[in-house]
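Q: Okay, handing you the structure first.
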Amino acid sequence: MSAETGGVAELKFRDPRRARELTAALARLVEELHRAPVTLMHVCGTHEQAIARFGLRTSLPPGLRVIMGPGCPVCVTDLGEVDEGVALALQGVRIATYGDMVKLPGSSKSLADAQAEGAQIDVVYSATQAVELARVTDEPVVFFASGFETTAVATAAILLSRPPANFSVLSAHKYVPPAMEAVACLPETRVEGFLAAGHAAVITGYGLFEDFARRHRTPVVVAGFEPLDILAALVRLLEMIRDREYGAANAYPRCVTREGNRRAQESLWRVFEAADGPWRGIGVIPGGNLQLRKEWAAMDARRRFRIDVSGLQQAAQSELSRRCLCGKIMVGLVEPTDCPLFGRQCLPESPVGACMVSSEGTCRIWYQYGGRPDLGGTA
Ligand code: SF4
């Protein structure tokens, strides 16, 4: 695409006149529903970044709340998973991982702490880069892999491409649909509809959500990441709630299909299987973790190394960490500004909880775009 065409595309998806039409439609729909507030949840840090960056909440009608759910992969990486990475690093194993994972606190230490004690931690931008590291050394390299379906597919592709024998994976990959189930099953949930992440749906297809929507009588709309994509998806979601249309819809048709990318799905499930596993601050989610199938044991750091986390888990959690509301934020029960530590004791440069660590964390995004602690415009 030429720069010129890209510019036109950008204008098309950021047209203020169309944005005003869509926000007027949102206001009409909320009024038609005769109840407020209506709470909708998205499950994607990229959506939250776009909503905050473009100030979309300031243009939503007062009766509409759009909140972020468990959509930040770093935030939901469990303490125990960080402990495993830290323990391996302190045992002298070289760890390659994404940048946001380095500062993420474990039970008593982060990878950054381990690095300060002499451990070898390499920040990588992709699974491919982690393999490249393994190719230029004889020492074992463990890729501490985090992320949802999209990054798990990239990890799967690497394992399918015959990486060197000194390479293995410590999987902290998570699968989002079971987390949506967990939110929908909470007795106190107020969520009436979900926006699903467009990039994950490119792989899974939007048809994946049809059964969920029917069972929970909660519609799901797949959304892209431009401001108008998000507003149009919200309009569609409210229409479906109004019409009691409990299904899945696609508001990102330029990238997403009902079936998704079959080849990518096949790679994903050849390498991974869904397993019950802990999500930080939320608890064990049935089928929420992506673990390597036993056929990949030779590449599975959990089977290849003896990982002893006991020393790391003896330290008591700090008083401040115990007050962190990250888990409740990720299931939509409270917002960052409900946390007394937000923007005071908890800051991006000295995070108390996981939601302030990652650029995809709700607290970090709210802090970055809203300052502390009063965020005008959040409905
Ligand atoms: S502001 Fe910090 S302590 Fe409070 S919920 Fe967010 S991450 Fe946790």
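Going through the structure tokens in order, the chains are called A, B, and so on, while each chain numbers its residues from 1 and the ligands are numbered from 1 in the order shown.
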Do a neighbour search on Ala145 in chain A at 7 Å with only C-alpha atoms, toss out local chain neighbours closer than 2 positions, and write the hits as a JSON list (two decimals) with N, CA and C atoms, in the first residue's frame.
A:
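Wrote it out as out.json, contents follow:
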```json
[["chain", "number", "residue", "atom", "x", "y", "z"],
["A", 97, "THR", "N", 12.75, -13.30, 26.60],
["A", 97, "THR", "CA", 11.32, -13.01, 26.83],
["A", 97, "THR", "C", 10.97, -11.62, 26.31],
["A", 143, "PHE", "N", 12.77, -19.78, 25.96],
["A", 143, "PHE", "CA", 11.88, -18.68, 25.57],
["A", 143, "PHE", "C", 10.71, -18.67, 26.53],
["A", 147, "GLY", "N", 1.37, -14.39, 26.17],
["A", 147, "GLY", "CA", 0.48, -13.83, 25.15],
["A", 147, "GLY", "C", -0.69, -14.76, 24.88],
["A", 169, "VAL", "N", 10.80, -23.93, 25.45],
["A", 169, "VAL", "CA", 9.76, -22.92, 25.72],
["A", 169, "VAL", "C", 9.19, -23.12, 27.11],
["A", 170, "LEU", "N", 9.10, -22.02, 27.86],
["A", 170, "LEU", "CA", 8.36, -22.01, 29.12],
["A", 170, "LEU", "C", 7.07, -21.27, 28.80],
["A", 171, "SER", "N", 6.00, -22.02, 28.65],
["A", 171, "SER", "CA", 4.77, -21.39, 28.15],
["A", 171, "SER", "C", 3.95, -20.75, 29.27],
["A", 172, "ALA", "N", 3.71, -19.43, 29.10],
["A", 172, "ALA", "CA", 2.72, -18.75, 29.93],
["A", 172, "ALA", "C", 1.60, -18.25, 29.02],
["A", 173, "HIS", "N", 1.45, -18.93, 27.87],
["A", 173, "HIS", "CA", 0.41, -18.53, 26.92],
["A", 173, "HIS", "C", -0.98, -18.81, 27.52]]
```
Q: Can you pull out every residue within 9 Å of Gln368 in chain A, counting only C-alpha atoms, but drop anything in the same chain fewer than 4 positions away, and send it as a list in words?
A: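 Once the adjacent positions are removed, what remains is Ala52, Pro348, Cys363, Arg364 and Arg372 of chain A.
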Q: Kindly export the residues of the current selection with C-alpha atoms, as a PDB file, in the first residue's frame.
A:
```
ATOM      1  CA  ALA A  52      -7.752   5.950  25.794  1.00  0.00           C
ATOM      2  CA  PRO A 348       4.705   2.872  35.843  1.00  0.00           C
ATOM      3  CA  CYS A 363      -3.820   0.850  35.066  1.00  0.00           C
ATOM      4  CA  ARG A 364      -0.763   1.694  32.974  1.00  0.00           C
ATOM      5  CA  ARG A 372      -3.500  10.685  38.248  1.00  0.00           C
TER       6      ARG A 372
END
```
Q: Ligand 1: which residues are within 10 Å, counting only C-alpha atoms and all ligand atoms, as a PyMOL selection string?
A: chain A and resi 75+281+320-330+334-348+350-358+361-364+366-367+373
Q: For Gln91 in chain A, which residue among A:Asp308, A:Glu319, A:Glu210, A:Glu139 is the nearest when counting only C-alpha atoms?
A: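 Looking at the shortest contact to Gln91 in chain A, the residue is A:Asp308.
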Q: Skipping near chain neighbours, those fewer than 2 positions away, what residues fall within 10 Å of Pro178 in chain A using only C-alpha atoms, listed as a PyMOL selection string?
A: chain A and resi 174-176+180-184+212+274+276+285-289
Q: How would the residues just picked look written out with C-alpha atoms as a PDB file, in the first residue's frame?
A:
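Contents of again.pdb, as written:
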```pdb
ATOM      1  CA  LYS A 174      -3.273 -18.062  27.721  1.00  0.00           C
ATOM      2  CA  TYR A 175      -6.483 -18.691  25.817  1.00  0.00           C
ATOM      3  CA  VAL A 176      -9.039 -15.874  26.021  1.00  0.00           C
ATOM      4  CA  MET A 180     -14.697 -14.684  28.959  1.00  0.00           C
ATOM      5  CA  GLU A 181     -16.590 -17.693  30.333  1.00  0.00           C
ATOM      6  CA  ALA A 182     -15.153 -16.945  33.779  1.00  0.00           C
ATOM      7  CA  VAL A 183     -16.327 -13.312  33.603  1.00  0.00           C
ATOM      8  CA  ALA A 184     -19.783 -14.269  32.299  1.00  0.00           C
ATOM      9  CA  PHE A 212     -20.667 -18.708  24.129  1.00  0.00           C
ATOM     10  CA  ALA A 274      -5.813 -26.052  26.602  1.00  0.00           C
ATOM     11  CA  ASP A 276      -6.737 -25.546  33.549  1.00  0.00           C
ATOM     12  CA  ILE A 285      -9.542 -20.799  34.741  1.00  0.00           C
ATOM     13  CA  PRO A 286     -10.651 -24.137  33.278  1.00  0.00           C
ATOM     14  CA  GLY A 287      -8.973 -24.489  29.877  1.00  0.00           C
ATOM     15  CA  GLY A 288      -7.403 -21.036  30.220  1.00  0.00           C
ATOM     16  CA  ASN A 289      -3.738 -21.983  29.776  1.00  0.00           C
TER      17      ASN A 289
END
```
Q: Mind checking DSSP for range 143-322 of chain A and telling me the strand (DSSP E or B) residues as a VMD selection string?
A: chain A and resid 143 to 147 167 to 174 191 to 197 220 to 223 248 to 250 272 to 279 283 to 292 300
Q: As a short mmCIF file (atom, residue, chain, number, x, y, z; two decimals) with N, CA, C and O atoms, in the first residue's frame, list the residues of range 201-271 of chain A assigned to helix (DSSP H, G or I) by DSSP on the backbone atoms of this structure.
A:
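Okay, this is what ended up in out12.cif:
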```
data_model
loop_
_atom_site.label_atom_id
_atom_site.label_comp_id
_atom_site.auth_asym_id
_atom_site.auth_seq_id
_atom_site.Cartn_x
_atom_site.Cartn_y
_atom_site.Cartn_z
N ALA A 201 -9.20 -12.80 16.48
CA ALA A 201 -10.27 -13.38 15.67
C ALA A 201 -9.83 -13.64 14.23
O ALA A 201 -10.43 -14.47 13.55
N VAL A 202 -8.78 -12.95 13.77
CA VAL A 202 -8.22 -13.28 12.45
C VAL A 202 -7.85 -14.76 12.44
O VAL A 202 -8.06 -15.47 11.46
N ILE A 203 -7.35 -15.24 13.55
CA ILE A 203 -6.94 -16.66 13.65
C ILE A 203 -8.14 -17.56 13.98
O ILE A 203 -8.40 -18.55 13.30
N THR A 204 -8.87 -17.18 15.04
CA THR A 204 -9.91 -18.10 15.54
C THR A 204 -11.20 -18.04 14.73
O THR A 204 -11.97 -18.99 14.73
N TYR A 206 -14.77 -15.46 13.93
CA TYR A 206 -15.75 -14.96 14.91
C TYR A 206 -16.77 -16.04 15.27
O TYR A 206 -17.45 -15.96 16.29
N GLY A 207 -16.84 -17.11 14.45
CA GLY A 207 -17.77 -18.20 14.74
C GLY A 207 -17.48 -18.86 16.09
O GLY A 207 -18.38 -19.43 16.71
N LEU A 208 -16.24 -18.75 16.54
CA LEU A 208 -15.84 -19.34 17.83
C LEU A 208 -16.73 -18.86 18.98
O LEU A 208 -16.92 -19.56 19.96
N PHE A 209 -17.26 -17.62 18.84
CA PHE A 209 -17.99 -17.02 19.96
C PHE A 209 -19.49 -17.31 19.93
O PHE A 209 -20.22 -16.90 20.84
N GLU A 210 -19.97 -17.98 18.89
CA GLU A 210 -21.42 -18.14 18.74
C GLU A 210 -22.03 -18.96 19.88
O GLU A 210 -23.04 -18.58 20.46
N ASP A 211 -21.38 -20.06 20.22
CA ASP A 211 -21.90 -20.92 21.28
C ASP A 211 -21.89 -20.19 22.63
O ASP A 211 -22.86 -20.23 23.38
N PHE A 212 -20.78 -19.48 22.89
CA PHE A 212 -20.67 -18.71 24.13
C PHE A 212 -21.82 -17.70 24.23
O PHE A 212 -22.48 -17.59 25.27
N ALA A 213 -22.04 -16.96 23.14
CA ALA A 213 -23.06 -15.91 23.15
C ALA A 213 -24.45 -16.48 23.42
O ALA A 213 -25.24 -15.91 24.17
N ARG A 214 -24.72 -17.63 22.80
CA ARG A 214 -26.03 -18.28 23.00
C ARG A 214 -26.20 -18.74 24.44
O ARG A 214 -27.20 -18.47 25.09
N ARG A 215 -25.18 -19.43 24.96
CA ARG A 215 -25.29 -20.00 26.31
C ARG A 215 -25.43 -18.94 27.38
O ARG A 215 -26.17 -19.11 28.34
N HIS A 216 -24.69 -17.83 27.20
CA HIS A 216 -24.72 -16.79 28.24
C HIS A 216 -25.71 -15.67 27.90
O HIS A 216 -25.81 -14.71 28.66
N PRO A 227 -10.50 4.06 15.66
CA PRO A 227 -11.62 4.60 16.46
C PRO A 227 -13.00 4.25 15.88
O PRO A 227 -13.90 3.87 16.62
N LEU A 228 -13.14 4.37 14.55
CA LEU A 228 -14.46 4.07 13.98
C LEU A 228 -14.79 2.59 14.03
O LEU A 228 -15.95 2.21 14.13
N ASP A 229 -13.76 1.73 13.97
CA ASP A 229 -13.99 0.29 14.13
C ASP A 229 -14.64 0.03 15.49
O ASP A 229 -15.59 -0.74 15.61
N ILE A 230 -14.08 0.66 16.50
CA ILE A 230 -14.54 0.41 17.87
C ILE A 230 -15.95 0.97 18.06
O ILE A 230 -16.84 0.29 18.59
N LEU A 231 -16.17 2.19 17.58
CA LEU A 231 -17.50 2.79 17.75
C LEU A 231 -18.56 1.99 16.98
O LEU A 231 -19.66 1.74 17.49
N ALA A 232 -18.21 1.57 15.75
CA ALA A 232 -19.18 0.79 14.96
C ALA A 232 -19.49 -0.54 15.64
O ALA A 232 -20.64 -0.99 15.65
N ALA A 233 -18.47 -1.17 16.23
CA ALA A 233 -18.70 -2.44 16.92
C ALA A 233 -19.58 -2.23 18.16
O ALA A 233 -20.44 -3.06 18.47
N LEU A 234 -19.39 -1.11 18.85
CA LEU A 234 -20.23 -0.83 20.03
C LEU A 234 -21.69 -0.63 19.60
O LEU A 234 -22.61 -1.09 20.27
N VAL A 235 -21.88 0.07 18.48
CA VAL A 235 -23.25 0.27 17.97
C VAL A 235 -23.89 -1.09 17.68
O VAL A 235 -25.01 -1.38 18.10
N ARG A 236 -23.15 -1.96 17.00
CA ARG A 236 -23.67 -3.29 16.65
C ARG A 236 -24.01 -4.09 17.91
O ARG A 236 -25.03 -4.76 17.99
N LEU A 237 -23.14 -3.97 18.91
CA LEU A 237 -23.35 -4.71 20.16
C LEU A 237 -24.63 -4.24 20.86
O LEU A 237 -25.44 -5.05 21.32
N LEU A 238 -24.82 -2.93 20.91
CA LEU A 238 -26.04 -2.41 21.55
C LEU A 238 -27.29 -2.80 20.76
O LEU A 238 -28.33 -3.11 21.35
N GLU A 239 -27.17 -2.81 19.44
CA GLU A 239 -28.33 -3.25 18.63
C GLU A 239 -28.68 -4.70 18.96
O GLU A 239 -29.86 -5.05 19.10
N MET A 240 -27.66 -5.53 19.09
CA MET A 240 -27.91 -6.95 19.39
C MET A 240 -28.51 -7.12 20.78
O MET A 240 -29.39 -7.96 20.99
N ILE A 241 -28.06 -6.31 21.74
CA ILE A 241 -28.63 -6.39 23.09
C ILE A 241 -30.10 -5.95 23.03
O ILE A 241 -30.98 -6.62 23.58
N ARG A 242 -30.35 -4.86 22.31
CA ARG A 242 -31.74 -4.37 22.18
C ARG A 242 -32.64 -5.42 21.54
O ARG A 242 -33.75 -5.66 21.99
N ARG A 262 -7.56 -21.32 9.19
CA ARG A 262 -7.55 -22.75 9.54
C ARG A 262 -6.12 -23.28 9.72
O ARG A 262 -5.87 -24.11 10.59
N ARG A 263 -5.23 -22.81 8.87
CA ARG A 263 -3.84 -23.30 8.97
C ARG A 263 -3.21 -22.89 10.29
O ARG A 263 -2.52 -23.68 10.95
N ALA A 264 -3.45 -21.65 10.67
CA ALA A 264 -2.89 -21.17 11.95
C ALA A 264 -3.51 -21.93 13.12
O ALA A 264 -2.82 -22.31 14.07
N GLN A 265 -4.83 -22.20 13.04
CA GLN A 265 -5.49 -22.96 14.11
C GLN A 265 -4.87 -24.36 14.22
O GLN A 265 -4.63 -24.87 15.30
N GLU A 266 -4.63 -24.95 13.06
CA GLU A 266 -4.07 -26.30 13.04
C GLU A 266 -2.68 -26.31 13.70
O GLU A 266 -2.36 -27.17 14.51
N SER A 267 -1.85 -25.29 13.36
CA SER A 267 -0.52 -25.20 13.98
C SER A 267 -0.64 -25.03 15.49
O SER A 267 0.06 -25.68 16.27
N LEU A 268 -1.55 -24.12 15.89
CA LEU A 268 -1.72 -23.84 17.32
C LEU A 268 -2.03 -25.13 18.08
O LEU A 268 -1.39 -25.45 19.09
N TRP A 269 -3.03 -25.89 17.59
CA TRP A 269 -3.49 -27.06 18.35
C TRP A 269 -2.61 -28.30 18.12
O TRP A 269 -2.73 -29.28 18.83
N ARG A 270 -1.72 -28.25 17.14
CA ARG A 270 -0.74 -29.33 17.01
C ARG A 270 0.32 -29.22 18.11
O ARG A 270 0.86 -30.21 18.57
N VAL A 271 0.59 -27.99 18.51
CA VAL A 271 1.66 -27.76 19.50
C VAL A 271 1.11 -27.62 20.92
O VAL A 271 1.69 -28.13 21.87
#
```
Q: Using only C-alpha atoms, which residues sit within 6 Å of Val142 in chain A once same-chain residues fewer than 5 positions away are excluded, as number ranges by chain?
A: A: 95, 167-169
Q: Go ahead and dump the residues you just picked, N, CA, C and O atoms, as a PDB file, in the first residue's frame.
A:
```pdb
ATOM      1  N   ILE A  95      17.440 -16.775  29.630  1.00  0.00           N
ATOM      2  CA  ILE A  95      16.005 -16.591  29.379  1.00  0.00           C
ATOM      3  C   ILE A  95      15.821 -15.512  28.322  1.00  0.00           C
ATOM      4  O   ILE A  95      16.366 -14.407  28.441  1.00  0.00           O
ATOM      5  N   PHE A 167      17.132 -25.085  22.413  1.00  0.00           N
ATOM      6  CA  PHE A 167      16.012 -24.144  22.567  1.00  0.00           C
ATOM      7  C   PHE A 167      14.826 -24.849  23.222  1.00  0.00           C
ATOM      8  O   PHE A 167      14.508 -25.990  22.892  1.00  0.00           O
ATOM      9  N   SER A 168      14.195 -24.189  24.166  1.00  0.00           N
ATOM     10  CA  SER A 168      12.947 -24.729  24.724  1.00  0.00           C
ATOM     11  C   SER A 168      12.030 -23.576  25.115  1.00  0.00           C
ATOM     12  O   SER A 168      12.426 -22.409  25.104  1.00  0.00           O
ATOM     13  N   VAL A 169      10.804 -23.932  25.455  1.00  0.00           N
ATOM     14  CA  VAL A 169       9.762 -22.920  25.716  1.00  0.00           C
ATOM     15  C   VAL A 169       9.187 -23.123  27.111  1.00  0.00           C
ATOM     16  O   VAL A 169       8.852 -24.243  27.498  1.00  0.00           O
TER      17      VAL A 169
END
```
Q: Tell me which protein, DNA and RNA residues are within 9 Å of Arg190 in chain A, counting only C-alpha atoms, leaving out same-chain ones fewer than 6 positions away, and put them as a VMD selection string.
A: chain A and resid 38 to 40 184 332 to 333
Q: Trp279 in chain A: which residues within 7 Å, counting only C-alpha atoms, same-chain residues fewer than 2 positions away excluded, as a PyMOL selection string?
A: chain A and resi 76-78+277+281-285
Q: Mind dumping the selected residues with all heavy atoms as a PDB file, in the first residue's frame?
A:
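Once everything was written out, this is selection_39.pdb:
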```pdb
ATOM      1  N   VAL A  76      -2.017 -11.102  33.279  1.00  0.00           N
ATOM      2  CA  VAL A  76      -2.613 -12.344  33.767  1.00  0.00           C
ATOM      3  C   VAL A  76      -1.582 -13.463  33.936  1.00  0.00           C
ATOM      4  O   VAL A  76      -1.922 -14.569  34.360  1.00  0.00           O
ATOM      5  CB  VAL A  76      -3.776 -12.829  32.858  1.00  0.00           C
ATOM      6  CG1 VAL A  76      -4.903 -11.806  32.852  1.00  0.00           C
ATOM      7  CG2 VAL A  76      -3.316 -13.137  31.452  1.00  0.00           C
ATOM      8  N   THR A  77      -0.311 -13.176  33.606  1.00  0.00           N
ATOM      9  CA  THR A  77       0.742 -14.176  33.846  1.00  0.00           C
ATOM     10  C   THR A  77       0.873 -14.362  35.351  1.00  0.00           C
ATOM     11  O   THR A  77       1.097 -13.408  36.099  1.00  0.00           O
ATOM     12  CB  THR A  77       2.080 -13.702  33.238  1.00  0.00           C
ATOM     13  OG1 THR A  77       1.893 -13.514  31.840  1.00  0.00           O
ATOM     14  CG2 THR A  77       3.186 -14.720  33.465  1.00  0.00           C
ATOM     15  N   ASP A  78       0.709 -15.586  35.775  1.00  0.00           N
ATOM     16  CA  ASP A  78       0.600 -15.838  37.215  1.00  0.00           C
ATOM     17  C   ASP A  78       1.939 -15.675  37.940  1.00  0.00           C
ATOM     18  O   ASP A  78       3.013 -15.837  37.344  1.00  0.00           O
ATOM     19  CB  ASP A  78       0.073 -17.261  37.423  1.00  0.00           C
ATOM     20  CG  ASP A  78      -0.388 -17.472  38.841  1.00  0.00           C
ATOM     21  OD1 ASP A  78      -1.249 -16.694  39.293  1.00  0.00           O
ATOM     22  OD2 ASP A  78       0.127 -18.390  39.515  1.00  0.00           O
ATOM     23  N   GLY A 277      -5.549 -23.598  34.364  1.00  0.00           N
ATOM     24  CA  GLY A 277      -4.346 -22.944  34.870  1.00  0.00           C
ATOM     25  C   GLY A 277      -4.654 -21.602  35.505  1.00  0.00           C
ATOM     26  O   GLY A 277      -5.711 -21.004  35.254  1.00  0.00           O
ATOM     27  N   GLY A 281      -4.431 -12.996  39.876  1.00  0.00           N
ATOM     28  CA  GLY A 281      -5.487 -12.173  40.471  1.00  0.00           C
ATOM     29  C   GLY A 281      -6.883 -12.693  40.217  1.00  0.00           C
ATOM     30  O   GLY A 281      -7.855 -12.193  40.779  1.00  0.00           O
ATOM     31  N   ILE A 282      -7.036 -13.674  39.327  1.00  0.00           N
ATOM     32  CA  ILE A 282      -8.368 -14.176  38.987  1.00  0.00           C
ATOM     33  C   ILE A 282      -8.574 -15.576  39.563  1.00  0.00           C
ATOM     34  O   ILE A 282      -9.621 -15.894  40.107  1.00  0.00           O
ATOM     35  CB  ILE A 282      -8.567 -14.179  37.445  1.00  0.00           C
ATOM     36  CG1 ILE A 282      -8.452 -12.748  36.892  1.00  0.00           C
ATOM     37  CG2 ILE A 282      -9.925 -14.776  37.082  1.00  0.00           C
ATOM     38  CD1 ILE A 282      -8.528 -12.657  35.384  1.00  0.00           C
ATOM     39  N   GLY A 283      -7.561 -16.416  39.457  1.00  0.00           N
ATOM     40  CA  GLY A 283      -7.671 -17.800  39.942  1.00  0.00           C
ATOM     41  C   GLY A 283      -7.537 -18.772  38.786  1.00  0.00           C
ATOM     42  O   GLY A 283      -7.217 -18.384  37.654  1.00  0.00           O
ATOM     43  N   VAL A 284      -7.808 -20.044  39.085  1.00  0.00           N
ATOM     44  CA  VAL A 284      -7.664 -21.069  38.043  1.00  0.00           C
ATOM     45  C   VAL A 284      -8.835 -20.956  37.070  1.00  0.00           C
ATOM     46  O   VAL A 284      -9.998 -20.914  37.471  1.00  0.00           O
ATOM     47  CB  VAL A 284      -7.618 -22.480  38.667  1.00  0.00           C
ATOM     48  CG1 VAL A 284      -7.697 -23.551  37.587  1.00  0.00           C
ATOM     49  CG2 VAL A 284      -6.328 -22.645  39.476  1.00  0.00           C
ATOM     50  N   ILE A 285      -8.505 -20.864  35.778  1.00  0.00           N
ATOM     51  CA  ILE A 285      -9.542 -20.799  34.741  1.00  0.00           C
ATOM     52  C   ILE A 285      -9.517 -22.125  33.973  1.00  0.00           C
ATOM     53  O   ILE A 285      -8.490 -22.473  33.378  1.00  0.00           O
ATOM     54  CB  ILE A 285      -9.320 -19.600  33.801  1.00  0.00           C
ATOM     55  CG1 ILE A 285      -9.496 -18.303  34.594  1.00  0.00           C
ATOM     56  CG2 ILE A 285     -10.270 -19.653  32.604  1.00  0.00           C
ATOM     57  CD1 ILE A 285      -9.509 -17.047  33.783  1.00  0.00           C
TER      58      ILE A 285
END
```
Q: Excluding Ala119 in chain A and its own-chain neighbours fewer than 3 positions away, which residues fall within 12 Å of it when counting only C-alpha atoms? Please give them as number ranges by chain.
A: A: 85-96, 102, 110-116, 122
Q: For Ser108 in chain A, which residue out of A:Ile51, A:Ala197, A:Val82, A:Leu56 is the nearest one, using only C-alpha atoms?
A: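 Of A:Ile51, A:Ala197, A:Val82, A:Leu56, the one nearest Ser108 in chain A is A:Val82, counting only C-alpha atoms.
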